[in-house]
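Read through the structure below, which is laid out as structure tokens, and then see the notes.
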Amino acid sequence: MRATRDDLVVTPRGVRFRGRILPCTRGRRGLTSDKREGDGCTPRGAHAIKGVLYRPDRLRRPTPGACPIHPGDLWSDDPADPCYNSKVHAPHALSHERLRRPDPLYDLVLVTGWNTAPAIPGRGSAIFIHRWRRPGAPTTGCIALSARDLLWIARRLTRRSRLVVR
């Protein structure tokens, strides 16, 4: 898995991107090559960046292709859901995560291609790159950065950009 300048490479010191190292946090239980729903781990591998989501009530469109997060936008995390590991809309009877959160964690989200095309039930959902709660605070499996660094990255992504976790 050879990384390029367009890739976000997770290192012990942070995310390396475009010649910079940006502090980040990752899953509270570390890295894994055997990701499971709810395990708190960040999956190893090279994961495409599939899209950018943002809160239009809190920030301007960060990049031309970014999609707004609207009230009622959710992400399915129920392995029994035919829409598992994808964006869904309220009302949605099965387990899900709200994308339009009251806190700022999902004001800007880079959506990775982890466990997509097709999603395998139980292999984990919603591996995002998003804003951290605070420096050093782990995630449930995502990669998290400061708001400033996340915006800097979003504005420089290319179609070839991937999240590389070794």
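Letters for chains follow the order of the structure tokens (A, B, ...), residue numbers begin at 1 for each chain, and ligand numbers begin at 1 in the order shown.
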| request: List every residue of range 116-156 of chain A that DSSP, applied to the backbone of this structure, assigns to helix (DSSP H, G or I), and report them as JSON, numbers by chain. | output: {"A": [147, 148, 149, 150, 151, 152, 153, 154]}
| task | For range 39-44 of chain A, work out the shell of residues within 9 Å, counting only C-alpha atoms and skipping chain neighbours fewer than 5 positions away, then give it as JSON, numbers by chain. | result | {"A": [26, 27, 28, 29, 30, 31, 32, 33, 34, 114, 124, 127, 139, 140, 141, 142, 143, 164, 165, 166]}
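Each of A:Pro82, A:Gly19, A:Gly14, A:Pro104 was compared to Arg55 in chain A using only C-alpha atoms, and A:Pro104 turns out to be the nearest.
Using only C-alpha atoms, the protein and nucleic acid residues lying no more than 12 Å from Pro118 in chain A, apart from those fewer than 6 places from it along its own chain, are A:Pro82, A:Cys83, A:Tyr84, A:Asn85, A:Ser86, A:Ser125.
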| field | range 128-135 of chain A surroundings by only C-alpha atoms, 10 Å radius, close-in-sequence under 6 positions cut, as JSON, numbers by chain | value | {"A": [23, 24, 25, 26, 42, 49, 51, 52, 53, 103, 104, 105, 106, 107, 108, 109, 110, 111, 112, 113, 114, 141, 142, 143, 144, 145, 146, 147, 148, 149, 150, 151, 154, 163]}
